[in-house]
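What follows is one structure encoded as structure tokens, with my remarks underneath.
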Amino acid sequence: MCDCPELGALIAYCGHLGKQSMDQLLRRAGYDVTPAQTHLLMRLTCTGEGQEATQRDLEKQLRLKPPTVNGIVDRLEAKGYVTRRPSPQDGRVRLVSLTEAGWGKVEDFRGVVEKAERLYAAGLSGQEREQLERLLNQIITNLENEVNSV
């Protein structure tokens, strides 16, 4: 019997398979967005129609580094799904919002995202899903605390 650590490898593999699965679902359905772009677009719908989010807020919500979010926004802007402008209060802050085409795109692929969520939770009861979310959030907190303490 092996005493090799497995938790980190299992979590990493789940992340890898989740991204791969979402990518396949999006491509099979004919969408021109990646899983990361999908998550950013979905996050922007939470701000409300006609509302804006700062890139910093998107970085925090998506748990991604500034250059990564900047690249995602660049590509979505090139596709016409988002707009970005400087904040009138602070020109260093960039405000991002969905375009009409972006809202339409989200409505188009929302079913694919919901299918992926059902796939992730298949075989789990509602209570097990909630417990898994709590446990994963605790792991994230543990790791963020460690990474940010350096």
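Going by the structure tokens order, chains are called A, B, ..., each with residues numbered from 1, while ligands are numbered from 1 in the order shown.
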
Q: Extract, using only C-alpha atoms, all DNA, RNA and protein residues at most 12 Å from Leu40 in chain A, discarding same-chain residues fewer than 6 positions from it, and format them as a VMD selection string.
A: chain A and resid 33 to 34 46 to 47 53 to 55 57 to 64 68 to 77 81 to 82 96 to 98 102 106

Q. Mind checking DSSP for chain A and telling me the strand (DSSP E or B) residues as a PyMOL selection string?
A. chain A and resi 53-54+82-86+94-98

Would you mind exporting the chosen residues as a PDB file, in the first residue's frame, restricted to C-alpha atoms?
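Now in part.pdb:
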```pdb
ATOM      1  CA  ALA A  53     -17.533  45.476 -13.036  1.00  0.00           C
ATOM      2  CA  THR A  54     -13.948  46.467 -12.419  1.00  0.00           C
ATOM      3  CA  VAL A  82     -17.625  42.981 -23.727  1.00  0.00           C
ATOM      4  CA  THR A  83     -16.548  46.596 -23.635  1.00  0.00           C
ATOM      5  CA  ARG A  84     -13.875  48.063 -21.402  1.00  0.00           C
ATOM      6  CA  ARG A  85     -13.362  51.684 -20.470  1.00  0.00           C
ATOM      7  CA  PRO A  86     -11.453  53.697 -17.885  1.00  0.00           C
ATOM      8  CA  ARG A  94     -10.889  49.545 -15.992  1.00  0.00           C
ATOM      9  CA  LEU A  95     -14.642  48.969 -16.110  1.00  0.00           C
ATOM     10  CA  VAL A  96     -15.950  45.961 -18.041  1.00  0.00           C
ATOM     11  CA  SER A  97     -19.513  45.383 -19.187  1.00  0.00           C
ATOM     12  CA  LEU A  98     -21.382  42.993 -21.440  1.00  0.00           C
TER      13      LEU A  98
END
```

Q) If you run DSSP on the backbone, which residues of range 67-101 of chain A are helix (DSSP H, G or I), as a ChimeraX atom specification? A) /A:67-79,100-101

Could those selected residues go to a file with C-alpha atoms, as a compact mmCIF listing (two decimals), in the first residue's frame?
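This went into again.txt:
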```txt
# COMPACT_ATOMS: atom_id res chain seq x y z
CA PRO A 67 -2.66 39.44 -16.68
CA THR A 68 -4.94 36.41 -17.10
CA VAL A 69 -8.12 38.46 -16.70
CA ASN A 70 -6.70 41.15 -18.97
CA GLY A 71 -6.08 38.54 -21.68
CA ILE A 72 -9.57 37.07 -21.31
CA VAL A 73 -11.13 40.54 -21.52
CA ASP A 74 -8.95 41.37 -24.55
CA ARG A 75 -10.22 38.31 -26.41
CA LEU A 76 -13.86 38.88 -25.42
CA GLU A 77 -13.59 42.52 -26.44
CA ALA A 78 -12.19 41.47 -29.84
CA LYS A 79 -15.21 39.17 -30.27
CA GLU A 100 -25.78 43.24 -26.35
CA ALA A 101 -23.96 40.47 -28.24
```

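Between CA of Leu132 in chain A and CA of Leu26 in chain A there is a distance of 25.0 Å.
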
Q.
Just to confirm, what's the straight-line distance from CA of Leu7 in chain A to CA of His39 in chain A in Å (one decimal)?
A.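 Straight-line distance from CA of Leu7 in chain A to CA of His39 in chain A works out to 25.0 Å.
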